[in-house]
$ cat upload04.cif   # mmCIF, C-alpha atoms
data_model
#
loop_
_atom_site.group_PDB
_atom_site.id
_atom_site.type_symbol
_atom_site.label_atom_id
_atom_site.label_comp_id
_atom_site.auth_asym_id
_atom_site.auth_seq_id
_atom_site.Cartn_x
_atom_site.Cartn_y
_atom_site.Cartn_z
ATOM 1 C CA MET A 1 0.000 0.000 0.000
ATOM 2 C CA ASN A 2 1.314 3.446 -0.871
ATOM 3 C CA ASP A 3 0.087 7.024 -0.931
ATOM 4 C CA THR A 4 -0.568 6.929 -4.696
ATOM 5 C CA GLN A 5 -2.942 3.966 -4.296
ATOM 6 C CA ILE A 6 -4.771 5.738 -1.464
ATOM 7 C CA ARG A 7 -4.988 9.008 -3.408
ATOM 8 C CA HIS A 8 -6.342 7.190 -6.485
ATOM 9 C CA PHE A 9 -8.833 5.195 -4.372
ATOM 10 C CA ILE A 10 -10.202 8.403 -2.800
ATOM 11 C CA ALA A 11 -10.537 10.054 -6.202
ATOM 12 C CA LEU A 12 -12.140 6.972 -7.768
ATOM 13 C CA ALA A 13 -14.695 6.724 -4.944
ATOM 14 C CA LYS A 14 -15.765 10.318 -5.669
ATOM 15 C CA ILE A 15 -15.820 9.890 -9.465
ATOM 16 C CA GLY A 16 -17.504 6.463 -9.455
ATOM 17 C CA SER A 17 -16.147 5.280 -12.799
ATOM 18 C CA PHE A 18 -12.846 3.920 -14.080
ATOM 19 C CA SER A 19 -13.463 5.537 -17.468
ATOM 20 C CA ARG A 20 -14.087 9.031 -16.104
ATOM 21 C CA ALA A 21 -11.244 8.673 -13.567
ATOM 22 C CA GLU A 22 -8.864 7.861 -16.412
ATOM 23 C CA ASP A 23 -9.054 11.430 -17.696
ATOM 24 C CA VAL A 24 -9.097 13.125 -14.296
ATOM 25 C CA LEU A 25 -6.144 11.204 -12.851
ATOM 26 C CA ASN A 26 -4.158 11.062 -16.101
ATOM 27 C CA ILE A 27 -3.705 7.297 -15.768
ATOM 28 C CA THR A 28 -4.972 4.488 -18.006
ATOM 29 C CA LYS A 29 -8.072 2.581 -16.937
ATOM 30 C CA THR A 30 -6.086 -0.654 -16.971
ATOM 31 C CA ALA A 31 -3.347 0.700 -14.697
ATOM 32 C CA LEU A 32 -5.931 2.163 -12.310
ATOM 33 C CA LYS A 33 -7.825 -1.156 -12.097
ATOM 34 C CA LYS A 34 -4.543 -2.930 -11.292
ATOM 35 C CA GLN A 35 -3.859 -0.447 -8.468
ATOM 36 C CA ILE A 36 -7.314 -0.981 -6.922
ATOM 37 C CA ASP A 37 -7.102 -4.772 -7.329
ATOM 38 C CA ALA A 38 -3.696 -4.767 -5.599
ATOM 39 C CA LEU A 39 -5.041 -2.558 -2.784
ATOM 40 C CA GLU A 40 -8.056 -4.830 -2.215
ATOM 41 C CA ALA A 41 -5.820 -7.904 -2.214
ATOM 42 C CA GLU A 42 -3.582 -6.344 0.436
ATOM 43 C CA LEU A 43 -6.543 -5.201 2.555
ATOM 44 C CA ASN A 44 -8.267 -8.586 2.186
ATOM 45 C CA PHE A 45 -11.680 -7.006 1.612
ATOM 46 C CA SER A 46 -13.510 -5.457 -1.323
ATOM 47 C CA LEU A 47 -13.696 -1.677 -1.652
ATOM 48 C CA PHE A 48 -16.129 -1.495 -4.568
ATOM 49 C CA ILE A 49 -19.008 -3.385 -6.075
ATOM 50 C CA ARG A 50 -18.654 -3.298 -9.847
ATOM 51 C CA THR A 51 -22.016 -2.717 -11.586
ATOM 52 C CA PRO A 52 -22.960 -1.867 -15.182
ATOM 53 C CA LYS A 53 -23.874 1.631 -13.965
ATOM 54 C CA GLY A 54 -20.509 2.218 -12.271
ATOM 55 C CA LEU A 55 -18.798 1.642 -8.957
ATOM 56 C CA GLN A 56 -20.460 1.492 -5.549
ATOM 57 C CA LEU A 57 -18.565 1.401 -2.284
ATOM 58 C CA THR A 58 -18.996 -1.643 -0.087
ATOM 59 C CA GLU A 59 -19.766 -1.115 3.589
ATOM 60 C CA CYS A 60 -16.068 -1.706 4.353
ATOM 61 C CA GLY A 61 -15.137 0.505 1.446
ATOM 62 C CA GLN A 62 -17.259 3.381 2.782
ATOM 63 C CA HIS A 63 -15.711 3.131 6.250
ATOM 64 C CA PHE A 64 -12.207 2.838 4.742
ATOM 65 C CA LEU A 65 -12.858 5.905 2.587
ATOM 66 C CA THR A 66 -13.862 8.034 5.590
ATOM 67 C CA GLU A 67 -10.765 7.141 7.593
ATOM 68 C CA ALA A 68 -8.390 6.999 4.613
ATOM 69 C CA ASN A 69 -9.438 10.491 3.542
ATOM 70 C CA ARG A 70 -8.737 11.872 7.030
ATOM 71 C CA LEU A 71 -5.404 10.041 7.314
ATOM 72 C CA TYR A 72 -4.337 11.110 3.810
ATOM 73 C CA LEU A 73 -5.003 14.774 4.625
ATOM 74 C CA ASP A 74 -3.025 14.393 7.857
ATOM 75 C CA PHE A 75 -0.230 12.684 5.926
ATOM 76 C CA THR A 76 0.042 15.364 3.249
ATOM 77 C CA SER A 77 -0.051 18.081 5.911
ATOM 78 C CA LEU A 78 2.749 16.303 7.793
ATOM 79 C CA VAL A 79 4.838 16.039 4.622
ATOM 80 C CA ARG A 80 4.464 19.772 3.908
ATOM 81 C CA GLU A 81 5.350 20.619 7.508
ATOM 82 C CA CYS A 82 8.473 18.445 7.414
ATOM 83 C CA GLN A 83 9.507 19.877 4.037
ATOM 84 C CA SER A 84 9.222 23.378 5.499
ATOM 85 C CA MET A 85 11.253 22.318 8.545
ATOM 86 C CA ALA A 86 13.911 20.775 6.328
ATOM 87 C CA LEU A 87 14.237 24.004 4.335
ATOM 88 C CA HIS A 88 14.282 26.427 7.241
ATOM 89 C CA SER A 89 16.411 24.394 9.634
ATOM 90 C CA LYS A 90 19.114 23.981 7.019
ATOM 91 C CA LYS A 91 22.599 24.886 8.091
ATOM 92 C CA ILE A 92 23.889 27.587 5.770
ATOM 93 C CA ARG A 93 27.651 27.434 5.226
ATOM 94 C CA ILE A 94 29.106 30.825 4.278
ATOM 95 C CA GLY A 95 32.742 31.327 3.351
ATOM 96 C CA ILE A 96 33.981 34.606 4.830
ATOM 97 C CA TYR A 97 37.209 36.411 5.677
ATOM 98 C CA SER A 98 38.005 37.220 9.287
ATOM 99 C CA MET A 99 37.222 40.894 8.635
ATOM 100 C CA SER A 100 33.590 41.076 7.561
ATOM 101 C CA SER A 101 31.213 44.012 7.850
ATOM 102 C CA MET A 102 28.319 41.575 7.399
ATOM 103 C CA LEU A 103 28.658 39.574 10.638
ATOM 104 C CA ASN A 104 25.785 41.417 12.339
ATOM 105 C CA TRP A 105 23.669 40.840 9.231
ATOM 106 C CA TYR A 106 24.351 37.099 9.443
ATOM 107 C CA SER A 107 23.496 37.122 13.154
ATOM 108 C CA SER A 108 20.132 38.711 12.386
ATOM 109 C CA ILE A 109 19.348 35.774 10.064
ATOM 110 C CA ASP A 110 20.089 33.367 12.918
ATOM 111 C CA ALA A 111 17.884 35.400 15.256
ATOM 112 C CA ASN A 112 14.931 35.918 12.894
ATOM 113 C CA SER A 113 14.644 32.484 11.275
ATOM 114 C CA ASP A 114 15.325 28.781 11.656
ATOM 115 C CA PHE A 115 18.425 29.096 9.502
ATOM 116 C CA HIS A 116 21.723 28.414 11.229
ATOM 117 C CA ILE A 117 24.762 30.188 9.793
ATOM 118 C CA GLU A 118 28.040 28.279 9.898
ATOM 119 C CA TYR A 119 31.081 30.436 9.137
ATOM 120 C CA ILE A 120 33.846 28.918 7.035
ATOM 121 C CA TYR A 121 36.817 31.243 7.505
ATOM 122 C CA LEU A 122 39.013 31.694 4.444
ATOM 123 C CA SER A 123 42.684 32.519 4.511
ATOM 124 C CA GLY A 124 43.516 35.268 2.072
ATOM 125 C CA GLY A 125 47.185 34.256 2.217
ATOM 126 C CA ASN A 126 46.697 30.583 1.444
ATOM 127 C CA LEU A 127 43.718 30.475 -0.906
ATOM 128 C CA THR A 128 43.519 32.179 -4.295
ATOM 129 C CA HIS A 129 40.361 33.698 -5.743
ATOM 130 C CA GLU A 130 40.017 30.577 -7.888
ATOM 131 C CA ASP A 131 40.390 28.325 -4.801
ATOM 132 C CA ASN A 132 37.607 30.178 -2.998
ATOM 133 C CA LEU A 133 35.245 29.921 -5.950
ATOM 134 C CA GLN A 134 36.088 26.223 -6.314
ATOM 135 C CA LEU A 135 34.913 25.622 -2.728
ATOM 136 C CA LEU A 136 31.546 26.931 -3.831
ATOM 137 C CA LYS A 137 31.475 24.927 -7.059
ATOM 138 C CA ASP A 138 32.397 21.764 -5.117
ATOM 139 C CA LYS A 139 29.498 22.534 -2.719
ATOM 140 C CA GLN A 140 31.773 22.637 0.321
ATOM 141 C CA ILE A 141 30.086 25.964 1.098
ATOM 142 C CA ASP A 142 26.629 27.276 0.172
ATOM 143 C CA PHE A 143 27.578 30.939 -0.279
ATOM 144 C CA LEU A 144 30.803 32.897 -0.537
ATOM 145 C CA GLU A 145 31.071 36.441 0.806
ATOM 146 C CA TYR A 146 32.939 38.268 -1.903
ATOM 147 C CA GLU A 147 33.428 41.417 -3.904
ATOM 148 C CA ASP A 148 31.927 42.072 -7.297
ATOM 149 C CA ASN A 149 34.629 40.116 -9.138
ATOM 150 C CA GLN A 150 34.793 39.318 -12.852
ATOM 151 C CA LEU A 151 35.910 35.761 -12.030
ATOM 152 C CA ILE A 152 32.441 35.093 -10.641
ATOM 153 C CA TYR A 153 30.801 35.476 -14.030
ATOM 154 C CA GLU A 154 33.583 33.646 -15.865
ATOM 155 C CA ASN A 155 32.794 30.640 -13.651
ATOM 156 C CA ASN A 156 29.037 30.859 -14.390
ATOM 157 C CA LEU A 157 28.271 31.778 -10.793
ATOM 158 C CA CYS A 158 25.845 34.414 -9.508
ATOM 159 C CA PHE A 159 26.466 37.484 -7.343
ATOM 160 C CA ARG A 160 24.029 39.448 -5.160
ATOM 161 C CA LYS A 161 25.202 42.751 -3.689
ATOM 162 C CA ILE A 162 24.423 43.000 0.030
ATOM 163 C CA SER A 163 26.479 45.955 1.249
ATOM 164 C CA THR A 164 28.664 48.771 -0.041
ATOM 165 C CA ASP A 165 32.070 49.572 1.425
ATOM 166 C CA TYR A 166 34.451 52.342 0.313
ATOM 167 C CA LEU A 167 38.124 52.479 -0.588
ATOM 168 C CA CYS A 168 40.815 54.011 1.587
ATOM 169 C CA CYS A 169 44.586 54.335 1.735
ATOM 170 C CA VAL A 170 46.727 52.381 4.201
ATOM 171 C CA MET A 171 50.185 53.735 5.053
ATOM 172 C CA GLN A 172 52.775 54.186 7.802
ATOM 173 C CA ASP A 173 52.291 57.119 10.182
ATOM 174 C CA ASN A 174 55.465 58.761 8.816
ATOM 175 C CA HIS A 175 54.139 58.891 5.254
ATOM 176 C CA PRO A 176 53.774 62.493 3.941
ATOM 177 C CA LEU A 177 49.991 62.003 3.572
ATOM 178 C CA SER A 178 49.463 60.315 6.934
ATOM 179 C CA GLN A 179 48.085 63.417 8.679
ATOM 180 C CA ASN A 180 45.330 63.957 6.124
ATOM 181 C CA LYS A 181 41.750 63.415 7.263
ATOM 182 C CA GLU A 182 40.872 62.407 3.710
ATOM 183 C CA ILE A 183 42.812 61.967 0.493
ATOM 184 C CA HIS A 184 41.799 63.219 -2.938
ATOM 185 C CA PRO A 185 43.142 61.071 -5.806
ATOM 186 C CA GLU A 186 45.228 63.900 -7.271
ATOM 187 C CA GLU A 187 47.125 64.093 -3.951
ATOM 188 C CA LEU A 188 48.465 60.586 -4.636
ATOM 189 C CA ASN A 189 50.430 61.753 -7.658
ATOM 190 C CA GLY A 190 54.145 60.993 -7.285
ATOM 191 C CA TYR A 191 53.671 58.171 -4.752
ATOM 192 C CA GLU A 192 53.898 54.414 -5.354
ATOM 193 C CA LEU A 193 50.424 52.955 -4.981
ATOM 194 C CA PHE A 194 49.244 49.353 -4.850
ATOM 195 C CA CYS A 195 45.866 47.617 -4.842
ATOM 196 C CA TRP A 196 44.617 44.039 -5.012
ATOM 197 C CA THR A 197 44.569 42.067 -8.273
ATOM 198 C CA ALA A 198 40.888 41.142 -8.621
ATOM 199 C CA ASP A 199 39.045 42.536 -11.634
ATOM 200 C CA SER A 200 36.143 44.162 -9.805
ATOM 201 C CA SER A 201 34.079 47.295 -10.298
ATOM 202 C CA ALA A 202 36.134 48.987 -7.536
ATOM 203 C CA THR A 203 39.542 48.177 -9.060
ATOM 204 C CA ARG A 204 38.344 49.180 -12.515
ATOM 205 C CA ALA A 205 37.210 52.557 -11.141
ATOM 206 C CA LEU A 206 40.522 52.908 -9.308
ATOM 207 C CA PHE A 207 42.626 52.162 -12.406
ATOM 208 C CA ASP A 208 40.471 54.499 -14.520
ATOM 209 C CA CYS A 209 41.199 57.229 -11.995
ATOM 210 C CA ALA A 210 44.935 56.362 -12.030
ATOM 211 C CA ARG A 211 45.112 56.562 -15.824
ATOM 212 C CA ARG A 212 43.265 59.883 -15.869
ATOM 213 C CA LEU A 213 45.589 61.411 -13.248
ATOM 214 C CA ASN A 214 48.746 59.565 -14.333
ATOM 215 C CA LEU A 215 49.103 57.859 -10.932
ATOM 216 C CA ASN A 216 51.678 55.136 -10.322
ATOM 217 C CA LEU A 217 49.214 52.359 -9.415
ATOM 218 C CA GLN A 218 50.195 48.679 -9.486
ATOM 219 C CA ALA A 219 48.334 45.479 -8.626
ATOM 220 C CA LEU A 220 49.604 43.003 -6.037
ATOM 221 C CA ALA A 221 47.763 39.923 -4.768
ATOM 222 C CA TYR A 222 46.075 40.801 -1.495
ATOM 223 C CA ASN A 223 47.318 39.181 1.702
ATOM 224 C CA LYS A 224 48.369 40.558 5.058
ATOM 225 C CA ASN A 225 52.122 40.281 4.482
ATOM 226 C CA THR A 226 51.890 42.045 1.124
ATOM 227 C CA VAL A 227 50.046 45.010 2.630
ATOM 228 C CA LEU A 228 52.479 45.250 5.552
ATOM 229 C CA ASN A 229 55.527 45.028 3.292
ATOM 230 C CA VAL A 230 54.187 47.748 0.989
ATOM 231 C CA CYS A 231 53.444 50.107 3.878
ATOM 232 C CA HIS A 232 56.720 49.420 5.711
ATOM 233 C CA ALA A 233 58.523 50.318 2.480
ATOM 234 C CA GLY A 234 56.918 53.784 2.636
ATOM 235 C CA LYS A 235 54.312 53.095 -0.044
ATOM 236 C CA VAL A 236 50.500 53.074 -0.052
ATOM 237 C CA TYR A 237 48.136 50.113 -0.349
ATOM 238 C CA ILE A 238 44.509 50.827 -1.274
ATOM 239 C CA LEU A 239 41.836 48.627 0.288
ATOM 240 C CA SER A 240 38.199 48.615 1.349
ATOM 241 C CA HIS A 241 37.718 50.134 4.787
ATOM 242 C CA THR A 242 36.581 46.828 6.309
ATOM 243 C CA LEU A 243 39.729 44.995 5.234
ATOM 244 C CA ALA A 244 41.953 47.985 6.033
ATOM 245 C CA ALA A 245 40.683 48.071 9.637
ATOM 246 C CA SER A 246 42.704 44.932 10.458
ATOM 247 C CA PHE A 247 45.937 46.844 9.742
ATOM 248 C CA GLN A 248 45.686 49.333 12.589
ATOM 249 C CA PRO A 249 47.762 51.043 13.974
ATOM 250 C CA LEU A 250 48.757 51.847 10.384
ATOM 251 C CA LYS A 251 47.064 55.013 9.132
ATOM 252 C CA ILE A 252 43.752 54.413 7.354
ATOM 253 C CA ILE A 253 42.508 57.413 5.375
ATOM 254 C CA PRO A 254 39.382 57.485 3.165
ATOM 255 C CA ILE A 255 39.572 58.430 -0.493
ATOM 256 C CA ILE A 256 37.282 61.328 -1.444
ATOM 257 C CA PRO A 257 35.272 61.320 -3.727
ATOM 258 C CA GLU A 258 34.305 57.863 -2.530
ATOM 259 C CA ILE A 259 35.007 54.852 -4.684
ATOM 260 C CA PRO A 260 32.392 52.208 -3.800
ATOM 261 C CA TYR A 261 33.352 48.604 -3.164
ATOM 262 C CA SER A 262 30.423 46.189 -3.551
ATOM 263 C CA ARG A 263 30.286 43.279 -1.134
ATOM 264 C CA GLY A 264 27.800 40.431 -1.316
ATOM 265 C CA LEU A 265 27.232 36.714 -1.722
ATOM 266 C CA VAL A 266 28.337 34.461 -4.566
ATOM 267 C CA TYR A 267 26.230 31.366 -5.161
ATOM 268 C CA LEU A 268 25.302 28.601 -7.548
ATOM 269 C CA PRO A 269 22.219 29.363 -9.677
ATOM 270 C CA GLU A 270 20.323 26.537 -7.933
ATOM 271 C CA ASN A 271 20.556 28.439 -4.601
ATOM 272 C CA GLU A 272 18.710 31.531 -5.846
ATOM 273 C CA SER A 273 15.526 30.656 -3.945
ATOM 274 C CA LEU A 274 17.453 29.875 -0.758
ATOM 275 C CA LEU A 275 19.242 33.224 -0.981
ATOM 276 C CA ASN A 276 15.905 35.023 -1.321
ATOM 277 C CA ASP A 277 14.689 33.316 1.871
ATOM 278 C CA ILE A 278 17.861 34.330 3.707
ATOM 279 C CA ILE A 279 17.596 37.955 2.604
ATOM 280 C CA ALA A 280 13.925 38.037 3.628
ATOM 281 C CA ALA A 281 14.919 36.881 7.139
ATOM 282 C CA ALA A 282 17.797 39.351 7.544
ATOM 283 C CA ASP A 283 17.599 42.739 9.224
ATOM 284 C CA PRO A 284 19.001 45.281 6.715
ATOM 285 C CA GLY A 285 19.608 47.720 9.567
ATOM 286 C CA THR A 286 22.446 45.520 10.815
ATOM 287 C CA LEU A 287 24.623 46.183 7.782
ATOM 288 C CA GLN A 288 27.661 48.413 8.257
ATOM 289 C CA THR A 289 29.236 50.340 5.429
ATOM 290 C CA GLY A 290 32.605 51.918 5.057
ATOM 291 C CA ARG A 291 30.861 55.310 5.235
ATOM 292 C CA SER A 292 29.534 54.739 8.761
ATOM 293 C CA ALA A 293 32.416 52.614 10.019
ATOM 294 C CA ARG A 294 35.344 54.832 8.989
ATOM 295 C CA THR A 295 37.696 56.277 11.530
ATOM 296 C CA ASP A 296 40.623 58.626 11.140
ATOM 297 C CA SER A 297 43.021 56.398 13.061
#

$ encode --input "upload04.cif" --output "structure tokens"
Amino acid sequence: MNDTQIRHFIALAKIGSFSRAEDVLNITKTALKKQIDALEAELNFSLFIRTPKGLQLTECGQHFLTEANRLYLDFTSLVRECQSMALHSKKIRIGIYSMSSMLNWYSSIDANSDFHIEYIYLSGGNLTHEDNLQLLKDKQIDFLEYEDNQLIYENNLCFRKISTDYLCCVMQDNHPLSQNKEIHPEELNGYELFCWTADSSATRALFDCARRLNLNLQALAYNKNTVLNVCHAGKVYILSHTLAASFQPLKIIPIIPEIPYSRGLVYLPENESLLNDIIAAADPGTLQTGRSARTDS
């Protein structure tokens, strides 16, 4: 006995004819008869009396119909409830860096839903951009917190912007620009400048600005040692404010006009619906941006 047999029995009892049920249930009359015969054989009593005018329920069949209908409704309701539980109790694995402006946003998802966020911390010094994206493609993580990076689209992955950070300069406190409260791009002329290698909207805007102002801007793979070495050599590394904050007590000075740095989640196309559920559960007021988080340290 299975739920399909019960569902077809209930429908057949209401329709009263194998021929009419054939069209309604989208099953052949022969296959339907075999299902009912098998159900009656298992139950060891007849459900219907076959007459030239159609089907009539036996006394046992009528009692079975009443209880089977109630149990089937309870069963389908239970299945839907468990499916909902399975979706909303799912552990969500998110690959993040140790410095993330979205941690409070993730916490609000935990607090406002049955989702449980598991953080998978990524090492910027040991994993390349390609390595991080491969974790996602191999389904070792469900989402990857990342910048708007051209590699995402080259790997047929999706990106949803969640927050906006802003670029700033990181330097030693003896650098000629270190006492500025803010730095305008033209003030960087004549200095050696470095930024990370990813092809993102922020780096493209930065290099466009460098070409326009003839700035000496070079790309170096981002990791902590690289940034420290650049700054200790008396040069400037340009980063998002969130990432730059981990390099205090080095000087961190915002670039004005602001150059936005989009931060969000990378995901496989099949997780689009799950991402929508996560965003619906999150409190947008918990997001920090470089604008509100900046300090003049």

$ closest_residue --input "upload04.cif" --among "A:Phe64, A:Phe18, A:Phe115, A:Tyr72" --to "Ile279 of chain A" --atoms "all atoms listed in the file"
A:Phe115

$ resolve_selection --input "upload04.cif" --expression "the PyMOL selection byres ((chain A and resi 258-266) around 8)" --output "PyMOL selection string"
chain A and resi 143-148+152+157-167+201-202+205-206+240+254-257+267-268

$ closest_residue --input "upload04.cif" --among "A:Leu55, A:Ile109, A:Leu215, A:Leu71" --to "Pro284 of chain A" --atoms "all atoms listed in the file"
A:Ile109

$ resolve_selection --input "upload04.cif" --expression "the PyMOL selection byres ((chain A and resi 25-30) around 12)" --output "VMD selection string"
chain A and resid 4 to 5 7 to 12 15 17 to 24 31 to 37

$ write_last_selection --input "upload04.cif" --atoms "C-alpha atoms" --output "PDB file, keeping the file's coordinate frame"
ATOM      1  CA  THR A   4      -0.568   6.929  -4.696  1.00  0.00           C
ATOM      2  CA  GLN A   5      -2.942   3.966  -4.296  1.00  0.00           C
ATOM      3  CA  ARG A   7      -4.988   9.008  -3.408  1.00  0.00           C
ATOM      4  CA  HIS A   8      -6.342   7.190  -6.485  1.00  0.00           C
ATOM      5  CA  PHE A   9      -8.833   5.195  -4.372  1.00  0.00           C
ATOM      6  CA  ILE A  10     -10.202   8.403  -2.800  1.00  0.00           C
ATOM      7  CA  ALA A  11     -10.537  10.054  -6.202  1.00  0.00           C
ATOM      8  CA  LEU A  12     -12.140   6.972  -7.768  1.00  0.00           C
ATOM      9  CA  ILE A  15     -15.820   9.890  -9.465  1.00  0.00           C
ATOM     10  CA  SER A  17     -16.147   5.280 -12.799  1.00  0.00           C
ATOM     11  CA  PHE A  18     -12.846   3.920 -14.080  1.00  0.00           C
ATOM     12  CA  SER A  19     -13.463   5.537 -17.468  1.00  0.00           C
ATOM     13  CA  ARG A  20     -14.087   9.031 -16.104  1.00  0.00           C
ATOM     14  CA  ALA A  21     -11.244   8.673 -13.567  1.00  0.00           C
ATOM     15  CA  GLU A  22      -8.864   7.861 -16.412  1.00  0.00           C
ATOM     16  CA  ASP A  23      -9.054  11.430 -17.696  1.00  0.00           C
ATOM     17  CA  VAL A  24      -9.097  13.125 -14.296  1.00  0.00           C
ATOM     18  CA  ALA A  31      -3.347   0.700 -14.697  1.00  0.00           C
ATOM     19  CA  LEU A  32      -5.931   2.163 -12.310  1.00  0.00           C
ATOM     20  CA  LYS A  33      -7.825  -1.156 -12.097  1.00  0.00           C
ATOM     21  CA  LYS A  34      -4.543  -2.930 -11.292  1.00  0.00           C
ATOM     22  CA  GLN A  35      -3.859  -0.447  -8.468  1.00  0.00           C
ATOM     23  CA  ILE A  36      -7.314  -0.981  -6.922  1.00  0.00           C
ATOM     24  CA  ASP A  37      -7.102  -4.772  -7.329  1.00  0.00           C
TER      25      ASP A  37
END

$ atom_distance --input "upload04.cif" --atom1 "atom CA of Ile253 of chain A" --atom2 "atom CA of Cys209 of chain A"
17.4 Å

$ atom_distance --input "upload04.cif" --atom1 "atom CA of Asn214 of chain A" --atom2 "atom CA of Gly190 of chain A"
9.0 Å

$ atom_distance --input "upload04.cif" --atom1 "atom CA of Tyr97 of chain A" --atom2 "atom CA of Tyr121 of chain A"
5.5 Å

$ resolve_selection --input "upload04.cif" --expression "the PyMOL selection byres ((chain A and resi 218-226) around 8)" --output "PyMOL selection string"
chain A and resi 124-125+192-198+216-217+227-230

$ closest_residue --input "upload04.cif" --among "A:Glu186, A:Lys91, A:Tyr119, A:Lys181" --to "Arg211 of chain A" --atoms "all atoms listed in the file"
A:Glu186

$ decode --input "upload04.cif" --residues "segment 91-105 of chain A" --atoms "N, CA and C atoms" --output "PDB file, in the first residue's frame"
ATOM      1  N   LYS A  91      21.382  24.167   7.731  1.00  0.00           N
ATOM      2  CA  LYS A  91      22.599  24.886   8.091  1.00  0.00           C
ATOM      3  C   LYS A  91      23.154  25.539   6.835  1.00  0.00           C
ATOM      4  N   ILE A  92      23.385  26.828   6.908  1.00  0.00           N
ATOM      5  CA  ILE A  92      23.889  27.587   5.770  1.00  0.00           C
ATOM      6  C   ILE A  92      25.379  27.834   5.980  1.00  0.00           C
ATOM      7  N   ARG A  93      26.199  27.280   5.101  1.00  0.00           N
ATOM      8  CA  ARG A  93      27.651  27.434   5.226  1.00  0.00           C
ATOM      9  C   ARG A  93      28.102  28.610   4.348  1.00  0.00           C
ATOM     10  N   ILE A  94      28.678  29.626   5.004  1.00  0.00           N
ATOM     11  CA  ILE A  94      29.106  30.825   4.278  1.00  0.00           C
ATOM     12  C   ILE A  94      30.604  31.008   4.440  1.00  0.00           C
ATOM     13  N   GLY A  95      31.303  31.068   3.339  1.00  0.00           N
ATOM     14  CA  GLY A  95      32.742  31.327   3.351  1.00  0.00           C
ATOM     15  C   GLY A  95      32.987  32.814   3.520  1.00  0.00           C
ATOM     16  N   ILE A  96      33.711  33.190   4.577  1.00  0.00           N
ATOM     17  CA  ILE A  96      33.981  34.606   4.830  1.00  0.00           C
ATOM     18  C   ILE A  96      35.444  34.792   5.217  1.00  0.00           C
ATOM     19  N   TYR A  97      35.902  36.040   5.151  1.00  0.00           N
ATOM     20  CA  TYR A  97      37.209  36.411   5.677  1.00  0.00           C
ATOM     21  C   TYR A  97      37.023  36.864   7.127  1.00  0.00           C
ATOM     22  N   SER A  98      38.110  36.879   7.860  1.00  0.00           N
ATOM     23  CA  SER A  98      38.005  37.220   9.287  1.00  0.00           C
ATOM     24  C   SER A  98      37.451  38.632   9.482  1.00  0.00           C
ATOM     25  N   MET A  99      37.772  39.537   8.562  1.00  0.00           N
ATOM     26  CA  MET A  99      37.222  40.894   8.635  1.00  0.00           C
ATOM     27  C   MET A  99      35.994  40.954   7.733  1.00  0.00           C
ATOM     28  N   SER A 100      34.824  41.019   8.332  1.00  0.00           N
ATOM     29  CA  SER A 100      33.590  41.076   7.561  1.00  0.00           C
ATOM     30  C   SER A 100      32.666  42.106   8.176  1.00  0.00           C
ATOM     31  N   SER A 101      32.167  43.012   7.361  1.00  0.00           N
ATOM     32  CA  SER A 101      31.213  44.012   7.850  1.00  0.00           C
ATOM     33  C   SER A 101      29.799  43.436   7.889  1.00  0.00           C
ATOM     34  N   MET A 102      29.645  42.173   7.501  1.00  0.00           N
ATOM     35  CA  MET A 102      28.319  41.575   7.399  1.00  0.00           C
ATOM     36  C   MET A 102      28.002  40.615   8.539  1.00  0.00           C
ATOM     37  N   LEU A 103      28.873  40.534   9.554  1.00  0.00           N
ATOM     38  CA  LEU A 103      28.658  39.574  10.638  1.00  0.00           C
ATOM     39  C   LEU A 103      27.352  39.840  11.387  1.00  0.00           C
ATOM     40  N   ASN A 104      27.040  41.103  11.659  1.00  0.00           N
ATOM     41  CA  ASN A 104      25.785  41.417  12.339  1.00  0.00           C
ATOM     42  C   ASN A 104      24.580  41.063  11.473  1.00  0.00           C
ATOM     43  N   TRP A 105      24.738  41.208  10.182  1.00  0.00           N
ATOM     44  CA  TRP A 105      23.669  40.840   9.231  1.00  0.00           C
ATOM     45  C   TRP A 105      23.419  39.341   9.292  1.00  0.00           C
TER      46      TRP A 105
END
